[in-house]
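work_23.cif (mmCIF, C-alpha atoms) appears below.
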data_protein
#
loop_
_atom_site.label_atom_id
_atom_site.label_comp_id
_atom_site.auth_asym_id
_atom_site.auth_seq_id
_atom_site.Cartn_x
_atom_site.Cartn_y
_atom_site.Cartn_z
CA MET A 1 -37.37 -52.45 22.96
CA LYS A 2 -40.91 -53.82 22.76
CA ILE A 3 -42.69 -52.38 19.72
CA ALA A 4 -46.12 -52.80 18.11
CA PHE A 5 -46.24 -52.22 14.37
CA ILE A 6 -49.65 -51.75 12.74
CA GLY A 7 -49.90 -52.12 8.95
CA THR A 8 -47.68 -54.70 7.25
CA GLY A 9 -48.31 -53.93 3.59
CA VAL A 10 -45.85 -52.94 0.85
CA MET A 11 -44.13 -50.40 3.10
CA GLY A 12 -44.86 -51.67 6.59
CA LYS A 13 -43.62 -55.22 6.13
CA PRO A 14 -39.95 -54.39 5.42
CA MET A 15 -39.99 -51.58 7.97
CA ALA A 16 -41.18 -53.93 10.71
CA LEU A 17 -38.66 -56.56 9.68
CA HIS A 18 -35.80 -54.05 9.98
CA LEU A 19 -36.85 -53.48 13.59
CA CYS A 20 -36.85 -57.25 14.16
CA ASP A 21 -33.40 -57.60 12.62
CA ALA A 22 -32.13 -54.84 14.91
CA GLY A 23 -33.00 -57.04 17.88
CA HIS A 24 -36.29 -55.53 19.00
CA GLU A 25 -39.35 -57.52 20.07
CA VAL A 26 -41.94 -56.63 17.45
CA HIS A 27 -45.67 -57.31 17.59
CA VAL A 28 -47.49 -56.89 14.26
CA TYR A 29 -51.09 -56.34 13.25
CA ASN A 30 -52.78 -56.07 9.87
CA ARG A 31 -56.47 -56.05 8.97
CA THR A 32 -55.63 -59.04 6.77
CA PHE A 33 -54.18 -61.34 9.42
CA ALA A 34 -52.25 -63.43 6.87
CA LYS A 35 -50.13 -60.39 6.03
CA ALA A 36 -49.11 -60.06 9.66
CA LYS A 37 -48.64 -63.81 10.07
CA ALA A 38 -46.20 -63.77 7.13
CA LEU A 39 -43.69 -61.92 9.33
CA GLU A 40 -43.41 -64.77 11.79
CA PRO A 41 -41.20 -66.07 13.32
CA LYS A 42 -39.23 -62.81 13.31
CA ALA A 43 -42.27 -60.90 14.61
CA LYS A 44 -45.29 -62.05 16.59
CA ALA A 45 -48.62 -61.60 14.79
CA PHE A 46 -51.87 -60.63 16.52
CA ASP A 47 -55.41 -60.57 15.19
CA SER A 48 -56.51 -57.54 17.23
CA ILE A 49 -54.96 -54.14 17.86
CA LYS A 50 -55.81 -54.33 21.55
CA GLU A 51 -53.74 -57.49 22.04
CA CYS A 52 -50.96 -56.32 19.71
CA ILE A 53 -50.26 -53.15 21.71
CA LYS A 54 -50.46 -54.69 25.17
CA ASP A 55 -47.47 -53.66 27.33
CA VAL A 56 -45.38 -52.26 24.45
CA GLU A 57 -43.21 -49.13 24.74
CA VAL A 58 -43.69 -47.81 21.22
CA ILE A 59 -46.58 -48.18 18.76
CA MET A 60 -45.94 -47.48 15.08
CA SER A 61 -48.41 -47.49 12.21
CA ILE A 62 -48.41 -47.09 8.45
CA VAL A 63 -51.84 -47.61 6.90
CA GLY A 64 -53.69 -46.33 3.85
CA TYR A 65 -55.94 -43.36 4.45
CA PRO A 66 -56.79 -40.81 7.17
CA SER A 67 -59.96 -42.80 7.87
CA ASP A 68 -57.76 -45.86 8.57
CA VAL A 69 -55.59 -43.77 10.89
CA ILE A 70 -58.69 -42.73 12.83
CA ASP A 71 -59.84 -46.35 13.12
CA VAL A 72 -56.43 -47.45 14.39
CA TYR A 73 -55.91 -44.68 16.93
CA ASP A 74 -59.44 -44.81 18.33
CA THR A 75 -58.35 -48.19 19.70
CA VAL A 76 -54.70 -47.39 20.35
CA ILE A 77 -55.36 -44.27 22.40
CA GLU A 78 -57.98 -46.10 24.45
CA TYR A 79 -55.85 -49.13 25.31
CA ALA A 80 -52.19 -48.08 25.15
CA LYS A 81 -50.49 -47.91 28.55
CA LYS A 82 -49.59 -44.49 29.91
CA GLY A 83 -46.19 -43.26 28.71
CA THR A 84 -46.26 -45.14 25.41
CA ILE A 85 -44.93 -43.28 22.36
CA LEU A 86 -47.24 -43.42 19.33
CA VAL A 87 -45.79 -42.89 15.87
CA ASP A 88 -48.05 -42.61 12.83
CA MET A 89 -46.00 -43.00 9.64
CA THR A 90 -48.97 -42.88 7.26
CA THR A 91 -49.18 -39.94 4.86
CA SER A 92 -52.25 -38.38 6.37
CA SER A 93 -53.93 -35.10 7.26
CA PRO A 94 -51.84 -32.55 9.21
CA SER A 95 -55.01 -31.40 10.96
CA LEU A 96 -55.75 -34.98 12.03
CA ALA A 97 -52.18 -35.32 13.30
CA VAL A 98 -52.70 -32.32 15.57
CA ASP A 99 -56.02 -33.71 16.83
CA LEU A 100 -54.47 -37.10 17.60
CA TYR A 101 -51.57 -35.43 19.39
CA GLU A 102 -54.00 -33.62 21.69
CA MET A 103 -56.08 -36.76 22.29
CA ALA A 104 -52.98 -38.80 23.10
CA LYS A 105 -51.58 -36.13 25.41
CA HIS A 106 -54.84 -36.11 27.36
CA LYS A 107 -54.36 -39.85 28.00
CA GLY A 108 -50.71 -39.54 29.06
CA LEU A 109 -49.33 -40.69 25.70
CA SER A 110 -46.84 -39.08 23.32
CA MET A 111 -47.88 -38.81 19.66
CA LEU A 112 -45.59 -38.14 16.71
CA ASP A 113 -46.45 -37.78 13.03
CA ALA A 114 -43.61 -39.31 11.03
CA PRO A 115 -44.49 -39.96 7.38
CA VAL A 116 -41.89 -41.46 5.08
CA THR A 117 -40.73 -41.12 1.50
CA GLY A 118 -38.54 -43.38 -0.60
CA GLY A 119 -41.06 -45.90 -1.88
CA ASP A 120 -40.98 -49.65 -1.49
CA LEU A 121 -37.28 -49.77 -2.43
CA GLY A 122 -36.43 -47.34 0.35
CA ALA A 123 -38.44 -49.42 2.81
CA ILE A 124 -36.70 -52.62 1.72
CA LYS A 125 -33.21 -51.08 1.83
CA GLY A 126 -33.80 -49.16 5.05
CA THR A 127 -33.01 -45.86 3.32
CA LEU A 128 -36.29 -44.00 3.80
CA SER A 129 -36.44 -40.28 4.43
CA ILE A 130 -38.54 -39.71 7.55
CA MET A 131 -39.91 -36.32 8.61
CA VAL A 132 -41.22 -35.92 12.14
CA GLY A 133 -43.60 -33.58 13.93
CA GLY A 134 -44.44 -33.54 17.63
CA ASP A 135 -42.62 -33.20 20.94
CA GLU A 136 -38.86 -33.14 20.41
CA GLN A 137 -38.19 -35.14 23.58
CA ALA A 138 -40.30 -38.05 22.30
CA TYR A 139 -38.59 -37.73 18.92
CA HIS A 140 -35.15 -38.21 20.43
CA LYS A 141 -36.34 -41.29 22.37
CA ILE A 142 -37.41 -43.08 19.17
CA LEU A 143 -34.68 -41.70 16.89
CA PRO A 144 -32.63 -44.93 17.12
CA LEU A 145 -35.67 -46.85 15.84
CA LEU A 146 -36.19 -44.45 12.96
CA LYS A 147 -32.53 -44.81 11.99
CA VAL A 148 -33.09 -48.55 11.55
CA MET A 149 -35.68 -47.82 8.86
CA GLY A 150 -34.33 -44.66 7.26
CA SER A 151 -31.13 -42.86 6.31
CA THR A 152 -32.46 -39.28 6.42
CA ILE A 153 -34.34 -38.43 9.60
CA THR A 154 -35.51 -34.83 10.05
CA TYR A 155 -37.30 -33.28 13.01
CA MET A 156 -39.64 -30.69 11.45
CA GLY A 157 -41.22 -29.14 14.55
CA GLU A 158 -44.66 -28.96 16.14
CA PRO A 159 -47.41 -31.58 15.73
CA GLY A 160 -48.55 -31.79 12.10
CA SER A 161 -45.21 -30.53 10.77
CA GLY A 162 -44.15 -33.98 9.64
CA MET A 163 -47.34 -34.33 7.60
CA HIS A 164 -46.95 -30.87 6.07
CA ALA A 165 -43.37 -31.75 5.09
CA LYS A 166 -44.55 -34.95 3.42
CA LEU A 167 -47.21 -33.09 1.45
CA ALA A 168 -44.55 -30.62 0.27
CA ASN A 169 -42.48 -33.62 -0.81
CA GLN A 170 -45.43 -35.06 -2.72
CA THR A 171 -45.82 -31.72 -4.47
CA VAL A 172 -42.27 -32.05 -5.82
CA ILE A 173 -43.02 -35.57 -7.05
CA ALA A 174 -46.12 -34.30 -8.87
CA GLY A 175 -44.12 -32.10 -11.20
CA ASN A 176 -41.34 -34.63 -11.50
CA ILE A 177 -43.29 -37.73 -12.43
CA ILE A 178 -45.63 -36.04 -14.89
CA GLY A 179 -42.64 -34.25 -16.42
CA ILE A 180 -40.94 -37.58 -17.07
CA ALA A 181 -44.12 -38.97 -18.61
CA GLU A 182 -44.47 -35.95 -20.88
CA ALA A 183 -40.79 -36.07 -21.87
CA LEU A 184 -40.99 -39.74 -22.83
CA THR A 185 -44.23 -39.11 -24.72
CA TYR A 186 -42.55 -36.30 -26.65
CA ALA A 187 -39.47 -38.44 -27.36
CA LYS A 188 -41.64 -41.32 -28.57
CA ASP A 189 -43.55 -39.00 -30.91
CA LYS A 190 -40.24 -37.82 -32.41
CA ASN A 191 -39.04 -41.43 -32.91
CA LEU A 192 -36.23 -41.19 -30.37
CA ASP A 193 -34.87 -44.28 -28.63
CA LEU A 194 -36.54 -44.07 -25.23
CA ASN A 195 -33.80 -45.86 -23.33
CA LYS A 196 -31.20 -43.50 -24.76
CA MET A 197 -33.44 -40.57 -23.95
CA LEU A 198 -33.80 -41.73 -20.37
CA ALA A 199 -30.02 -42.08 -20.10
CA VAL A 200 -29.73 -38.44 -21.16
CA ILE A 201 -32.26 -37.39 -18.52
CA THR A 202 -30.75 -39.36 -15.65
CA GLY A 203 -27.20 -38.35 -16.62
CA GLY A 204 -27.86 -34.62 -16.59
CA SER A 205 -29.55 -31.81 -14.68
CA ALA A 206 -33.01 -33.35 -15.22
CA GLY A 207 -32.01 -36.49 -13.34
CA SER A 208 -34.06 -37.58 -10.30
CA TRP A 209 -35.11 -40.60 -8.27
CA GLN A 210 -38.34 -40.73 -10.24
CA ALA A 211 -36.50 -40.71 -13.56
CA ALA A 212 -34.04 -43.40 -12.46
CA ASN A 213 -36.60 -45.71 -10.87
CA ASN A 214 -39.92 -45.06 -12.59
CA GLY A 215 -38.60 -43.98 -15.98
CA PRO A 216 -37.58 -47.52 -17.01
CA LYS A 217 -40.91 -48.86 -15.75
CA MET A 218 -42.77 -46.35 -17.91
CA ILE A 219 -40.79 -47.43 -20.97
CA ASN A 220 -41.40 -51.13 -20.26
CA HIS A 221 -45.05 -50.66 -19.27
CA ASP A 222 -44.24 -52.21 -15.90
CA TYR A 223 -46.97 -50.89 -13.62
CA GLN A 224 -46.41 -53.13 -10.61
CA PRO A 225 -47.04 -50.89 -7.60
CA GLY A 226 -44.17 -49.59 -5.53
CA PHE A 227 -46.58 -46.81 -4.65
CA PHE A 228 -50.25 -47.13 -5.56
CA VAL A 229 -52.05 -44.62 -7.78
CA LYS A 230 -54.90 -44.55 -5.24
CA HIS A 231 -52.56 -43.61 -2.40
CA TYR A 232 -50.77 -40.90 -4.36
CA LEU A 233 -54.11 -39.48 -5.44
CA LYS A 234 -55.06 -39.34 -1.75
CA ASP A 235 -51.84 -37.41 -1.04
CA LEU A 236 -52.49 -34.88 -3.79
CA LYS A 237 -56.02 -34.31 -2.52
CA LEU A 238 -54.59 -33.69 0.96
CA VAL A 239 -52.24 -31.05 -0.50
CA LEU A 240 -55.18 -29.30 -2.13
CA GLU A 241 -57.21 -29.49 1.09
CA GLU A 242 -54.38 -27.87 3.04
CA LYS A 243 -53.27 -25.25 0.48
CA GLY A 244 -55.52 -22.45 1.71
CA ASN A 245 -55.14 -19.49 -0.65
CA LEU A 246 -52.02 -20.83 -2.34
CA LYS A 247 -52.09 -21.33 -6.10
CA LEU A 248 -50.69 -24.81 -6.79
CA GLU A 249 -51.32 -25.28 -10.50
CA VAL A 250 -49.02 -28.27 -10.97
CA VAL A 251 -50.65 -30.23 -8.14
CA GLU A 252 -54.09 -29.43 -9.53
CA LYS A 253 -53.11 -30.65 -13.02
CA VAL A 254 -51.49 -33.84 -11.75
CA GLN A 255 -54.36 -34.58 -9.36
CA LYS A 256 -56.82 -34.38 -12.25
CA ALA A 257 -54.65 -36.69 -14.37
CA TYR A 258 -54.42 -39.29 -11.60
CA GLN A 259 -58.14 -39.04 -10.92
CA ILE A 260 -58.85 -39.85 -14.57
CA LEU A 261 -56.31 -42.69 -14.42
CA SER A 262 -57.96 -44.05 -11.27
CA ASP A 263 -61.41 -43.82 -12.85
CA LYS A 264 -60.09 -45.80 -15.83
CA GLY A 265 -59.09 -48.74 -13.63
CA PHE A 266 -55.49 -47.91 -12.66
CA ALA A 267 -56.08 -47.25 -8.95
CA ASP A 268 -54.25 -50.38 -7.78
CA LEU A 269 -51.30 -49.95 -10.16
CA GLY A 270 -48.10 -47.99 -9.61
CA THR A 271 -47.76 -44.23 -9.99
CA GLN A 272 -45.52 -44.75 -13.04
CA SER A 273 -48.65 -45.74 -14.96
CA ILE A 274 -49.24 -41.99 -15.42
CA ILE A 275 -47.58 -42.54 -18.82
CA GLU A 276 -50.82 -44.22 -19.91
CA PHE A 277 -52.64 -40.90 -19.42
CA TYR A 278 -50.63 -39.69 -22.43
CA LEU A 279 -50.32 -42.90 -24.45
CA LYS A 280 -54.07 -43.50 -24.37
CA LYS A 281 -54.92 -39.78 -24.63
CA MET A 282 -57.17 -39.92 -21.57
CA SER A 283 -59.38 -36.98 -20.76
#
Is it possible to express this structure as structure tokens?
Amino acid sequence: MKIAFIGTGVMGKPMALHLCDAGHEVHVYNRTFAKAKALEPKAKAFDSIKECIKDVEVIMSIVGYPSDVIDVYDTVIEYAKKGTILVDMTTSSPSLAVDLYEMAKHKGLSMLDAPVTGGDLGAIKGTLSIMVGGDEQAYHKILPLLKVMGSTITYMGEPGSGMHAKLANQTVIAGNIIGIAEALTYAKDKNLDLNKMLAVITGGSAGSWQAANNGPKMINHDYQPGFFVKHYLKDLKLVLEEKGNLKLEVVEKVQKAYQILSDKGFADLGTQSIIEFYLKKMS
């Protein structure tokens, strides 16, 4: 299949390469052309979206923010050939996903919202969890492509449903990651061996992906980004924008903590750096 992949950053690069390795012809675009060029010769890099998407059957994207999604799809919807399936895998606004679906449909295009979870390791290993909203017929057409990049693929329903599912997922992470940070802070204050403490957590009912993967990084002060603070903060703000009358106290608390962390210069570090909110008694 001939595929255009827009956004070849921490997540997009390995995802696009999995498609190449599966035998597909992949065109890639990134605002920083060197990041797209780095995928050659497996993929073919382009320095414009218009040229990248020419004559492809499927267009996929994973970029940073809803504003980036708008910039990308203003061009994609204008120039994509009729019948092309568009798949936005960015964690973005559910309302925007619905709007893009309607705009694409008007131009004879299919639009799916298909955000992912699993972090950079999931992208590299091809074990992402992918949740999809949009027309089910289009979903089944691209399902083989999604299976190349992920191990858990779930059709959630109408347009925007994939985005809502991702925001629910990010809500779980909020409580999880700040809970790990608080637990390690408590253990440190009581002079417990942090590595032993983490072994207790991961070996029992408190175990989680966040504990197993980000717990050791918290202990070692390794804040290299698998998932940027600035992007997770964006996700939490989207949850709060979409919550309506719901009372989501955990999300509100964690959003405030990450906002402080971002303001203190941690925006481009990994989400595990939330431990510094406690170690440095930020407020």
Output check: residues returned by the PyMOL selection byres ((chain A and resi 102) around 12), as a PyMOL selection string: chain A and resi 77+95-101+103-112+134-135+158-160
Step by step, work through what the PyMOL selection byres ((chain A and resi 88) around 7) selects in the shown file, and finish by giving those residues as a PyMOL selection string. chain A and resi 60-62+86-87+89-90+112-114
Check which residues satisfy the PyMOL selection byres ((chain A and resi 167) around 12) in the file shown, then give them as a PyMOL selection string. chain A and resi 90-94+114-117+131+160-166+168-174+232-243+251
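Going from CA of Ile178 in chain A to CA of Pro225 in chain A covers 16.6 Å.
Between CA of Gly215 in chain A and CA of Pro14 in chain A there is a distance of 23.8 Å.
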Report as a list in words all protein, DNA and RNA residues lying within 8 Å of range 30-42 of chain A, evaluated on all atoms listed in the file, omitting residues in the same chain fewer than 6 positions from it. Ile6, Gly7, Thr8, Gly9, Lys13, Leu17, Cys20 and Asp21 of chain A
Residue selection dump (C-alpha atoms) as a CSV table (one decimal), keeping the file's coordinate frame:
chain,number,residue,atom,x,y,z
A,6,ILE,CA,-49.6,-51.8,12.7
A,7,GLY,CA,-49.9,-52.1,9.0
A,8,THR,CA,-47.7,-54.7,7.2
A,9,GLY,CA,-48.3,-53.9,3.6
A,13,LYS,CA,-43.6,-55.2,6.1
A,17,LEU,CA,-38.7,-56.6,9.7
A,20,CYS,CA,-36.8,-57.2,14.2
A,21,ASP,CA,-33.4,-57.6,12.6
Would you mind listing what lies within 6 Å of range 119-126 of chain A as a ChimeraX atom specification, with all atoms listed in the file counted and same-chain residues fewer than 2 positions away left out? /A:11,14-15,117,128,149-150,226
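What separates CA of Ile85 in chain A from CA of Val56 in chain A is a distance of 9.2 Å.
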When you look at Glu276 in chain A with a cut-off of 8 Å (counting all atoms listed in the file), what residues show up, excluding the ones that are within fewer than 5 positions of it in the same chain? I need them as a list in words. Leu261, Lys281 and Met282 of chain A
Spatial neighbours of range 182-199 of chain A, 8 Å, all atoms listed in the file, chain gap at least 2 places, as a PyMOL selection string: chain A and resi 178-180+201-203+211+215-216+219+275+278-279
Mind listing whatever residues come within 9 Å of the point (-53.4, -47.1, 22.5)? Use only C-alpha atoms, file coordinates, and give them as a VMD selection string. chain A and resid 49 to 50 53 to 54 59 72 to 82 84 86 104 109
Minimum-distance residue to Ala212 in chain A, chosen among A:Val10, A:Ile177, A:Val254, A:Val229 (using only C-alpha atoms):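 That would be A:Ile177, the residue with the smallest distance to Ala212 in chain A.
Among the candidates A:Glu249, A:Gly175, A:Thr271, A:His231, the residue lying nearest to Lys217 in chain A is A:Thr271 (atoms considered: all atoms listed in the file).
Taking all atoms listed in the file into account, Leu19 in chain A lies nearest to A:Leu145 out of the set A:Leu145, A:Phe46, A:Gln137, A:Ser129.
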